[in-house]
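See structure below.
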Amino acid sequence: MCGFFTIVFNKENRNMGSILKNAGERLSYRGYDSTGIAVFNENEKFIIRKDKGSVEKVDKKLKFSQYGGYKGIIQLRWATYGKPSKINAQPHKDCTGRYVSAHNGNIINVHSLFEKLKKAGHRIKSENDGEVVVHIIEDYLNKGKSLNDAVKLSYKDIKGDYAFCFADKKSRKMIAVKKGSSLFAGKGNGFIVVSSDLYAVLDHTNKIIPLKDSEMIEFDSDDYTIRNIISMESIKRSPENNFLNPCIMYKRPYDSFMEKEISEVPTKIDLLREYYVSSNHLNKLKRTLSKGKLIITGSGTSYNASLLGTYFLNRISGIDVAVHLPSDINDRLKYVRDKSSNLLVVSQSGETKDVKNAIDSFRNYSKGKVIGMINNLASTMGMTSDYILPTISDMEISVPATKTFINQVVLFYILSLFLKGESKSNIDKKIKLLIKSLKKAKKDTDEQLSSLANKLIKRDFMHILGYSLTYPCAKEGALKMKEVNYMNIEAMHSSEFKHGPLALIKRKYPIILITTAKDKHYTLSHINEIQTRNGIIISISQKDKDIEKNSDINITINEKDENCFAIISVYLMQILSLKIAYKKGINPDQPRNISKTITVD
Ligand code: F6R
C-alpha cells in the first residue's frame with residue numbers, strides 16, 4: 001500500500017533530497033507505482049517532483065538529491081484510485097500553491113468529495129483520492145477556520161481508513177493525522193520525523209512517539225502536540241525508546257530480498273524455537289483456548305498458513321478449529337448464537353485492512369479474545385490484540401511472503417504440539433530436526449529444482465494439486481508462482497480435480513502434485529487419471545517407490561514426519577518460484593500490481 005515519510009529540520013538541510021530518497025527506498029515495499037517528493041525552503045517556497053515508477057526509476061529521472069530544504073515529504077503510491085501517472089502521483093498541492101499533502105490508505109467517498117470541491121470552485125487535477133485532503137483543508141481555511149478546526153472538519157468529511165500529512169509553505173509546522181492506517185512519529189536532535197512506516201522513523205531516531213487512531217500530531221523540528229482530533233484536547237505523550245533493529249537493508253550478497261529471506265528461513269525457525277521453548281508464552285493462551293471455539297483468519301499467504309495450521313491443530317492436538325477468509329467473518333459470526341469464540345488473526349504486517357475489518361466484526365459479535373499471530377509487533381494488530389504470538393522473522397522486505405509464512409506454519413506446529421501436551425524438550429528436538437531436514441532438502445533438490453524451472457519457464461498455465469494436509473501447500477505454491485512468475489496456476493485438492501478440471505488435460509499439460517507417502521492410496525489414482533490423458537506429473541513427495549515410479553518427475557523430500565514434510569514442500573515451492581522468476585527476468589521483490597501491505601478494502 002502507499003506510504004509516506006516527512007521530516008522537519010530546524011534549519012535548511014542540503015541533503016534533504018537524499019534523505020527523502022533513502023526513506024523512499026525504505027518504504028518501497030509499500031508501493032512502487034509512483035513516487036513523489038515535496039521540499040520546502042526558508043524562502044517560503046517549495047518544489048514538488050513526482051512521476052510514475054519506483055523510487056529508483058523516478059529518482060534517476062528527477063534527481064532528488066539536488067533539492068535542499070528544511071522540511072520535506074516523500075510519498076510512494078500503490079494505485080487504487082487513478083492509474084499510475086505523473087498527475088495521479090503524490091504529494092498534491094492546493095489551488096493556490098500554498099499547501100501540500102500526502103496520504104496513505106483509502107478515501108472511500110472520494111467521488112462525492114471531488115464533486116463537492118469542484119462545485120465550490122476547486123481545480124482538481126487528478127483522479128487520485130489523496131488530492132481530496134489538500135483541497136478540503138484549503139476549503140475550510142478559505143472559509144476562515146483555524147488550521148486545527150479545518151483539519152478536524154476535514155477528518156469528519158473524509159471517510160475510509162487513512163493517514164495523511166499536511167504542510168503550509170508559510171509555516172514551519174506540519175500536521176499528520178491517523179485514522180485506521182499506521183503512523184509513527186520520532187523525535188531526534190533538531191528534527192521530528194513522521195511516517196507510515198516505523199522502520200523509516202527508526203532509521204533516524206529510536207525515540208518513538210506512538211500515535212493512536214483519531215489523533216493528530218502538530219509538529220516542527222523541536223516541539224510537537226498530539227491532540228484527539230474530535231475533542232481537540234491535547235494529549236501528553238513523551239517519546240519512548242524503541243530498541244527494534246532497523247537492520248541495514250542490504251540484499252548483498254543475494255540478488256534479491258526474496259532470495260535473502262528464503263536463505264534466512266533456518267535461522268528464523270531457530271529463533272522461533274528458542275523463543276517459544278524457553279518462555280511460558282503458550283500457557284496463558286491454553287487457558288483462553290479452553291474457553292471457546294477457535295476461529296482463524298488471515299489474507300493471502302497468511303490465509304494459506306492459517307489453513308495449514310488448522311490441519312496441524314486438528315491432526316496433532318485434536319482441536320476442531322474453523323478457518324474463514326477475513327471478509328467472511330462478519331457474515332459468519334452475525335448469525336451464530338455462541339458468543340464465546342476466540343479469533344486468531346494471522347498477519348505478517350499486522351495492518352491488512354481485510355483482517356482489521358474481521359477484528360472489528362469479531363469484537364461486535366463475540367466476547368472472546370483476539371490472538372494476533374503477527375510479525376510486525378509495532379503494527380495496529382500488534383498493539384491491539386489481546387494476546388500476541390510473535391512470528392519472530394524480522395522485517396520482510398520482498399513483497400512475496402517467504403520466511404514469514406514458514407514461521408507462521410512452524411508456530412502453528414509448535415502450538416499444536418504444545419496443546420497436545422508434548423514436553424518442551426520434545427518440541428525442541430522436533431523443531432531442531434525440522435531445521436536440519438529443511439536445510440538438507442534445499443541442498444538435495446537444488447539441481448532438480450533448477451532443471452524443473454527450465455522446463456516450466458515457457459508455461460503460462462498449469463495446476464498444482466495437494467491432498468488433505470498438502471492442499472494448503474499447493475495453494476501457497478500456486479500463489480508464489482502467480483506472484484513472481486505471472487503464471488496462471490491454479491491450486492486444487494487432488495480429489496476435486498476429476499470433478500471437472502480434468503477436462504483441461506491434454507498432451508504434456510503439467511501438474512505438480514504434493515503428496516505424503518501415506519496418502520498415495522488416493523494420490524496414485526489421481527496421478528493415473530492425469531497420466532492416462534497424457535498429462536505430465538511432477539510430484540513432490542515423501543520417499544516412496546510407487547510415487548517415484550508413477551511420476552514423470554519426482555522430487556523426494558527425505559522427511560518422515562508428514563507435518564514437517566508439508567512445511568518443507570512449501571519451502572521448495574518458494575525456491576522453485578524464485579528460480580523461475582530469475583530465469584524470466586522478473587524482479588521477485590516487486591511483482592507488478594501488488595504491494596507488501598494491503599491497507600485498503
Ligand atoms: C503473498 C503475500 C500476500 C499477503 C497478504 C496478507 O506473498 O504476501 O498474500 O500474505 O497480503 O498480508 P499480511 O500477512 O501482512 O496480513
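Here's how to read the names in the C-alpha cells: chain A, B, ... by the order shown, residue numbers from 1 in each chain, ligand numbers from 1 in the order shown.
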
ask   = Hey, what's within 8 Å of region 153-167 of chain A if we count only C-alpha atoms and toss same-chain stuff fewer than 3 positions away? As an MDAnalysis selection string, please?
value = chainID A and resid 6 99:110 113 133:134 136:137 140 149:150 171 173:183 196 229 599:600

task = List the neighbours of region 75-91 of chain A out to 8 Å using only C-alpha atoms; skip same-chain residues closer than 5 positions along the sequence, and give me the result as JSON, numbers by chain.
result = {"A": [1, 2, 3, 4, 5, 24, 27, 28, 30, 31, 32, 33, 34, 35, 36, 37, 38, 48, 50, 51, 52, 53, 54, 55, 100, 101, 102, 103, 106, 125, 126, 127, 128, 129, 130, 131, 593, 594, 595]}

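Counting only C-alpha atoms, the residue from A:Arg237, A:His526, A:Lys583, A:Lys442 that sits nearest to Leu456 (chain A) is A:Lys583.
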
inquiry  = I'd like the neighbourhood of Ile567 (chain A) as an NGL selection string, where a residue qualifies if any of its atoms comes within 8 Å (using only C-alpha atoms), though same-chain residues fewer than 5 positions away should be ignored.
reply    = :A and (406 or 409-410 or 473)

message = Counting only C-alpha atoms and all ligand atoms, what are the residues, protein, DNA or RNA alike, that approach ligand 1 to within 6 Å? I want them as a list in words.
response =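 Listing the residues within 6 Å of ligand 1 gives Ser299, Gly300, Thr301, Ser302, Ser347, Gln348, Ser349, Gly350, Thr352, Val399, Pro400, Ala401, Thr597 and Ile598 of chain A.
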
ask   = Restricting the calculation to only C-alpha atoms, which member of A:Thr380, A:Asn528, A:Asn563, A:Asn148 is positioned closest to Lys498 (chain A)?
value =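 Ranking A:Thr380, A:Asn528, A:Asn563, A:Asn148 by distance to Lys498 (chain A), first place goes to A:Asn528.
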
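The coordinates place CA of Pro472 (chain A) at 9.0 Å from CA of Tyr303 (chain A).
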
All strand (DSSP E) positions in region 9-257 of chain A, as an mmCIF file with N, CA and C atoms, in the first residue's frame:
```cif
data_model
loop_
_atom_site.group_PDB
_atom_site.id
_atom_site.type_symbol
_atom_site.label_atom_id
_atom_site.label_comp_id
_atom_site.auth_asym_id
_atom_site.auth_seq_id
_atom_site.Cartn_x
_atom_site.Cartn_y
_atom_site.Cartn_z
ATOM 1 N N PHE A 9 13.439 19.791 9.793
ATOM 2 C CA PHE A 9 14.698 20.134 10.460
ATOM 3 C C PHE A 9 14.612 21.563 11.012
ATOM 4 N N ASN A 10 15.530 21.889 11.946
ATOM 5 C CA ASN A 10 15.498 23.254 12.476
ATOM 6 C C ASN A 10 16.216 24.241 11.562
ATOM 7 N N LYS A 11 16.905 23.745 10.542
ATOM 8 C CA LYS A 11 17.466 24.676 9.530
ATOM 9 C C LYS A 11 17.559 23.931 8.192
ATOM 10 N N GLU A 12 17.863 24.679 7.167
ATOM 11 C CA GLU A 12 17.958 24.077 5.823
ATOM 12 C C GLU A 12 18.949 22.912 5.834
ATOM 13 N N ASN A 13 18.600 21.862 5.189
ATOM 14 C CA ASN A 13 19.493 20.711 5.103
ATOM 15 C C ASN A 13 19.713 20.419 3.618
ATOM 16 N N SER A 34 4.181 4.883 -8.232
ATOM 17 C CA SER A 34 4.674 6.241 -8.464
ATOM 18 C C SER A 34 5.358 6.769 -7.211
ATOM 19 N N THR A 35 6.201 7.765 -7.426
ATOM 20 C CA THR A 35 6.994 8.328 -6.335
ATOM 21 C C THR A 35 6.991 9.846 -6.470
ATOM 22 N N GLY A 36 6.913 10.537 -5.348
ATOM 23 C CA GLY A 36 6.971 11.993 -5.427
ATOM 24 C C GLY A 36 7.528 12.608 -4.159
ATOM 25 N N ILE A 37 8.180 13.772 -4.327
ATOM 26 C CA ILE A 37 8.671 14.487 -3.145
ATOM 27 C C ILE A 37 8.164 15.937 -3.167
ATOM 28 N N ALA A 38 8.105 16.508 -1.977
ATOM 29 C CA ALA A 38 7.891 17.953 -1.840
ATOM 30 C C ALA A 38 8.976 18.433 -0.896
ATOM 31 N N VAL A 39 9.687 19.496 -1.282
ATOM 32 C CA VAL A 39 10.743 20.035 -0.422
ATOM 33 C C VAL A 39 10.492 21.537 -0.234
ATOM 34 N N PHE A 40 10.532 21.975 1.033
ATOM 35 C CA PHE A 40 10.230 23.372 1.387
ATOM 36 C C PHE A 40 11.513 24.073 1.801
ATOM 37 N N ASN A 41 11.689 25.317 1.346
ATOM 38 C CA ASN A 41 12.867 26.048 1.824
ATOM 39 C C ASN A 41 12.471 27.294 2.615
ATOM 40 N N LYS A 45 9.127 28.815 -0.155
ATOM 41 C CA LYS A 45 8.902 28.216 -1.475
ATOM 42 C C LYS A 45 8.991 26.712 -1.345
ATOM 43 N N PHE A 46 8.333 26.024 -2.259
ATOM 44 C CA PHE A 46 8.515 24.569 -2.273
ATOM 45 C C PHE A 46 8.519 24.063 -3.706
ATOM 46 N N ILE A 47 9.105 22.886 -3.869
ATOM 47 C CA ILE A 47 9.033 22.234 -5.176
ATOM 48 C C ILE A 47 8.323 20.885 -4.974
ATOM 49 N N ILE A 48 7.610 20.456 -5.978
ATOM 50 C CA ILE A 48 7.080 19.086 -5.990
ATOM 51 C C ILE A 48 7.668 18.421 -7.216
ATOM 52 N N ARG A 49 8.281 17.273 -7.041
ATOM 53 C CA ARG A 49 8.794 16.497 -8.177
ATOM 54 C C ARG A 49 8.224 15.100 -8.050
ATOM 55 N N LYS A 50 7.523 14.650 -9.080
ATOM 56 C CA LYS A 50 6.893 13.335 -8.967
ATOM 57 C C LYS A 50 6.698 12.729 -10.347
ATOM 58 N N ASP A 51 6.563 11.421 -10.364
ATOM 59 C CA ASP A 51 6.281 10.737 -11.623
ATOM 60 C C ASP A 51 5.858 9.301 -11.349
ATOM 61 N N LYS A 52 5.506 8.644 -12.417
ATOM 62 C CA LYS A 52 5.134 7.239 -12.371
ATOM 63 C C LYS A 52 6.412 6.416 -12.172
ATOM 64 N N GLY A 69 16.404 21.653 1.698
ATOM 65 C CA GLY A 69 15.283 22.360 2.309
ATOM 66 C C GLY A 69 15.200 22.039 3.780
ATOM 67 N N TYR A 70 14.269 22.693 4.477
ATOM 68 C CA TYR A 70 14.192 22.421 5.914
ATOM 69 C C TYR A 70 13.058 21.450 6.247
ATOM 70 N N LYS A 71 12.088 21.295 5.346
ATOM 71 C CA LYS A 71 11.112 20.224 5.571
ATOM 72 C C LYS A 71 10.768 19.556 4.244
ATOM 73 N N GLY A 72 10.450 18.278 4.326
ATOM 74 C CA GLY A 72 10.212 17.545 3.090
ATOM 75 C C GLY A 72 9.268 16.369 3.298
ATOM 76 N N ILE A 73 8.707 15.931 2.188
ATOM 77 C CA ILE A 73 7.768 14.789 2.201
ATOM 78 C C ILE A 73 8.149 13.887 1.028
ATOM 79 N N ILE A 74 8.108 12.583 1.238
ATOM 80 C CA ILE A 74 8.150 11.652 0.090
ATOM 81 C C ILE A 74 6.942 10.737 0.204
ATOM 82 N N GLN A 75 6.316 10.450 -0.929
ATOM 83 C CA GLN A 75 5.161 9.547 -0.933
ATOM 84 C C GLN A 75 5.346 8.511 -2.028
ATOM 85 N N LEU A 76 5.022 7.272 -1.697
ATOM 86 C CA LEU A 76 5.064 6.187 -2.688
ATOM 87 C C LEU A 76 3.657 5.673 -2.866
ATOM 88 N N ARG A 77 3.276 5.446 -4.098
ATOM 89 C CA ARG A 77 1.899 5.089 -4.375
ATOM 90 C C ARG A 77 1.755 3.652 -4.808
ATOM 91 N N HIS A 92 0.238 16.207 -3.416
ATOM 92 C CA HIS A 92 -0.619 17.121 -4.180
ATOM 93 C C HIS A 92 -0.588 18.500 -3.531
ATOM 94 N N LYS A 93 -0.819 19.524 -4.356
ATOM 95 C CA LYS A 93 -0.933 20.868 -3.772
ATOM 96 C C LYS A 93 -2.338 21.422 -3.971
ATOM 97 N N TYR A 99 -0.368 25.042 0.026
ATOM 98 C CA TYR A 99 -0.401 23.845 0.893
ATOM 99 C C TYR A 99 -0.053 22.586 0.105
ATOM 100 N N VAL A 100 0.466 21.606 0.837
ATOM 101 C CA VAL A 100 0.835 20.318 0.217
ATOM 102 C C VAL A 100 0.379 19.201 1.143
ATOM 103 N N SER A 101 -0.079 18.082 0.579
ATOM 104 C CA SER A 101 -0.388 16.933 1.433
ATOM 105 C C SER A 101 -0.035 15.631 0.721
ATOM 106 N N ALA A 102 0.128 14.603 1.538
ATOM 107 C CA ALA A 102 0.347 13.248 1.012
ATOM 108 C C ALA A 102 -0.399 12.305 1.938
ATOM 109 N N HIS A 103 -0.856 11.193 1.408
ATOM 110 C CA HIS A 103 -1.603 10.287 2.283
ATOM 111 C C HIS A 103 -1.273 8.833 1.999
ATOM 112 N N ASN A 104 -1.747 7.991 2.904
ATOM 113 C CA ASN A 104 -1.646 6.539 2.759
ATOM 114 C C ASN A 104 -3.003 6.000 3.145
ATOM 115 N N GLY A 105 -3.533 5.035 2.386
ATOM 116 C CA GLY A 105 -4.826 4.446 2.757
ATOM 117 C C GLY A 105 -5.847 4.639 1.667
ATOM 118 N N ASN A 106 -7.081 4.713 2.076
ATOM 119 C CA ASN A 106 -8.175 4.644 1.142
ATOM 120 C C ASN A 106 -9.274 5.609 1.526
ATOM 121 N N ILE A 107 -9.563 6.574 0.647
ATOM 122 C CA ILE A 107 -10.649 7.514 0.940
ATOM 123 C C ILE A 107 -11.861 7.054 0.144
ATOM 124 N N GLY A 160 -13.145 6.531 5.377
ATOM 125 C CA GLY A 160 -12.195 5.473 4.984
ATOM 126 C C GLY A 160 -11.144 5.314 6.056
ATOM 127 N N ASP A 161 -10.126 4.543 5.751
ATOM 128 C CA ASP A 161 -9.008 4.352 6.675
ATOM 129 C C ASP A 161 -7.772 4.938 6.022
ATOM 130 N N TYR A 162 -7.117 5.839 6.717
ATOM 131 C CA TYR A 162 -6.003 6.545 6.090
ATOM 132 C C TYR A 162 -5.140 7.204 7.150
ATOM 133 N N ALA A 163 -3.998 7.712 6.701
ATOM 134 C CA ALA A 163 -3.188 8.640 7.493
ATOM 135 C C ALA A 163 -2.724 9.685 6.486
ATOM 136 N N PHE A 164 -2.577 10.929 6.930
ATOM 137 C CA PHE A 164 -2.060 11.916 5.985
ATOM 138 C C PHE A 164 -1.168 12.933 6.681
ATOM 139 N N CYS A 165 -0.356 13.623 5.872
ATOM 140 C CA CYS A 165 0.397 14.745 6.417
ATOM 141 C C CYS A 165 0.043 15.973 5.578
ATOM 142 N N PHE A 166 0.156 17.131 6.202
ATOM 143 C CA PHE A 166 -0.266 18.374 5.564
ATOM 144 C C PHE A 166 0.748 19.457 5.910
ATOM 145 N N ALA A 167 1.187 20.215 4.896
ATOM 146 C CA ALA A 167 2.200 21.243 5.150
ATOM 147 C C ALA A 167 1.769 22.567 4.524
ATOM 148 N N ASP A 168 2.141 23.662 5.203
ATOM 149 C CA ASP A 168 1.870 25.017 4.730
ATOM 150 C C ASP A 168 3.234 25.659 4.472
ATOM 151 N N MET A 174 4.000 21.291 10.670
ATOM 152 C CA MET A 174 3.287 20.339 9.815
ATOM 153 C C MET A 174 2.240 19.660 10.676
ATOM 154 N N ILE A 175 1.308 18.984 9.999
ATOM 155 C CA ILE A 175 0.274 18.243 10.731
ATOM 156 C C ILE A 175 0.171 16.860 10.118
ATOM 157 N N ALA A 176 0.013 15.850 10.969
ATOM 158 C CA ALA A 176 -0.263 14.500 10.450
ATOM 159 C C ALA A 176 -1.425 13.926 11.244
ATOM 160 N N VAL A 177 -2.226 13.109 10.564
ATOM 161 C CA VAL A 177 -3.454 12.566 11.152
ATOM 162 C C VAL A 177 -3.487 11.057 10.959
ATOM 163 N N LYS A 178 -3.947 10.360 11.982
ATOM 164 C CA LYS A 178 -4.048 8.883 11.863
ATOM 165 C C LYS A 178 -5.497 8.447 12.008
ATOM 166 N N LYS A 179 -5.944 7.689 11.022
ATOM 167 C CA LYS A 179 -7.283 7.098 11.126
ATOM 168 C C LYS A 179 -7.248 5.713 10.472
ATOM 169 N N PHE A 184 3.663 6.715 12.592
ATOM 170 C CA PHE A 184 4.622 6.767 13.695
ATOM 171 C C PHE A 184 5.366 8.094 13.637
ATOM 172 N N ALA A 185 5.687 8.600 14.827
ATOM 173 C CA ALA A 185 6.485 9.825 14.882
ATOM 174 C C ALA A 185 7.749 9.533 15.667
ATOM 175 N N GLY A 186 8.795 10.306 15.410
ATOM 176 C CA GLY A 186 10.039 10.125 16.150
ATOM 177 C C GLY A 186 10.698 11.479 16.363
ATOM 178 N N LYS A 187 11.345 11.640 17.546
ATOM 179 C CA LYS A 187 11.975 12.930 17.834
ATOM 180 C C LYS A 187 13.482 12.760 17.893
ATOM 181 N N GLY A 188 14.174 13.528 17.061
ATOM 182 C CA GLY A 188 15.630 13.463 17.076
ATOM 183 C C GLY A 188 16.199 14.784 17.552
ATOM 184 N N PHE A 191 15.292 17.677 14.840
ATOM 185 C CA PHE A 191 14.310 17.302 13.802
ATOM 186 C C PHE A 191 13.212 16.424 14.393
ATOM 187 N N ILE A 192 12.075 16.419 13.718
ATOM 188 C CA ILE A 192 10.993 15.466 14.041
ATOM 189 C C ILE A 192 10.582 14.805 12.745
ATOM 190 N N VAL A 193 10.338 13.526 12.823
ATOM 191 C CA VAL A 193 10.020 12.749 11.632
ATOM 192 C C VAL A 193 8.698 12.006 11.858
ATOM 193 N N VAL A 194 7.887 11.917 10.820
ATOM 194 C CA VAL A 194 6.604 11.201 10.899
ATOM 195 C C VAL A 194 6.469 10.360 9.636
ATOM 196 N N SER A 195 6.063 9.115 9.816
ATOM 197 C CA SER A 195 5.957 8.250 8.639
ATOM 198 C C SER A 195 4.925 7.146 8.858
ATOM 199 N N LYS A 207 13.762 7.330 19.398
ATOM 200 C CA LYS A 207 12.797 7.960 20.327
ATOM 201 C C LYS A 207 11.454 8.065 19.602
ATOM 202 N N ILE A 208 10.627 7.082 19.862
ATOM 203 C CA ILE A 208 9.382 6.963 19.095
ATOM 204 C C ILE A 208 8.200 7.519 19.889
ATOM 205 N N ILE A 209 7.376 8.288 19.192
ATOM 206 C CA ILE A 209 6.156 8.825 19.814
ATOM 207 C C ILE A 209 4.987 8.025 19.238
ATOM 208 N N PRO A 210 4.406 7.121 20.028
ATOM 209 C CA PRO A 210 3.319 6.306 19.475
ATOM 210 C C PRO A 210 2.077 7.159 19.200
ATOM 211 N N GLU A 215 -6.110 10.566 16.237
ATOM 212 C CA GLU A 215 -5.201 11.565 16.808
ATOM 213 C C GLU A 215 -4.516 12.329 15.686
ATOM 214 N N MET A 216 -4.182 13.579 16.001
ATOM 215 C CA MET A 216 -3.359 14.341 15.063
ATOM 216 C C MET A 216 -2.122 14.822 15.805
ATOM 217 N N ILE A 217 -1.043 14.961 15.073
ATOM 218 C CA ILE A 217 0.169 15.499 15.668
ATOM 219 C C ILE A 217 0.556 16.750 14.879
ATOM 220 N N GLU A 218 0.794 17.797 15.636
ATOM 221 C CA GLU A 218 1.198 19.063 15.030
ATOM 222 C C GLU A 218 2.664 19.194 15.430
ATOM 223 N N PHE A 219 3.565 19.421 14.487
ATOM 224 C CA PHE A 219 4.983 19.380 14.857
ATOM 225 C C PHE A 219 5.840 20.300 13.988
ATOM 226 N N TYR A 224 6.211 19.176 19.569
ATOM 227 C CA TYR A 224 5.027 18.555 18.960
ATOM 228 C C TYR A 224 3.872 18.598 19.949
ATOM 229 N N THR A 225 2.674 18.601 19.406
ATOM 230 C CA THR A 225 1.466 18.495 20.236
ATOM 231 C C THR A 225 0.587 17.417 19.621
ATOM 232 N N ILE A 226 0.186 16.488 20.474
ATOM 233 C CA ILE A 226 -0.749 15.455 19.994
ATOM 234 C C ILE A 226 -2.135 15.846 20.487
ATOM 235 N N ARG A 227 -3.125 15.717 19.632
ATOM 236 C CA ARG A 227 -4.499 16.046 20.053
ATOM 237 C C ARG A 227 -5.450 14.945 19.634
ATOM 238 N N ASN A 228 -6.487 14.775 20.447
ATOM 239 C CA ASN A 228 -7.603 13.959 19.997
ATOM 240 C C ASN A 228 -8.335 14.811 18.973
ATOM 241 N N SER A 234 -5.429 18.382 24.071
ATOM 242 C CA SER A 234 -4.056 17.927 23.837
ATOM 243 C C SER A 234 -3.745 16.750 24.757
ATOM 244 N N ILE A 235 -2.897 15.866 24.275
ATOM 245 C CA ILE A 235 -2.572 14.631 24.998
ATOM 246 C C ILE A 235 -1.079 14.661 25.292
ATOM 247 N N GLU A 240 9.220 7.338 23.513
ATOM 248 C CA GLU A 240 9.711 6.135 24.220
ATOM 249 C C GLU A 240 10.878 5.578 23.437
ATOM 250 N N ASN A 241 11.859 5.019 24.169
ATOM 251 C CA ASN A 241 12.973 4.375 23.460
ATOM 252 C C ASN A 241 12.489 3.100 22.802
#
```
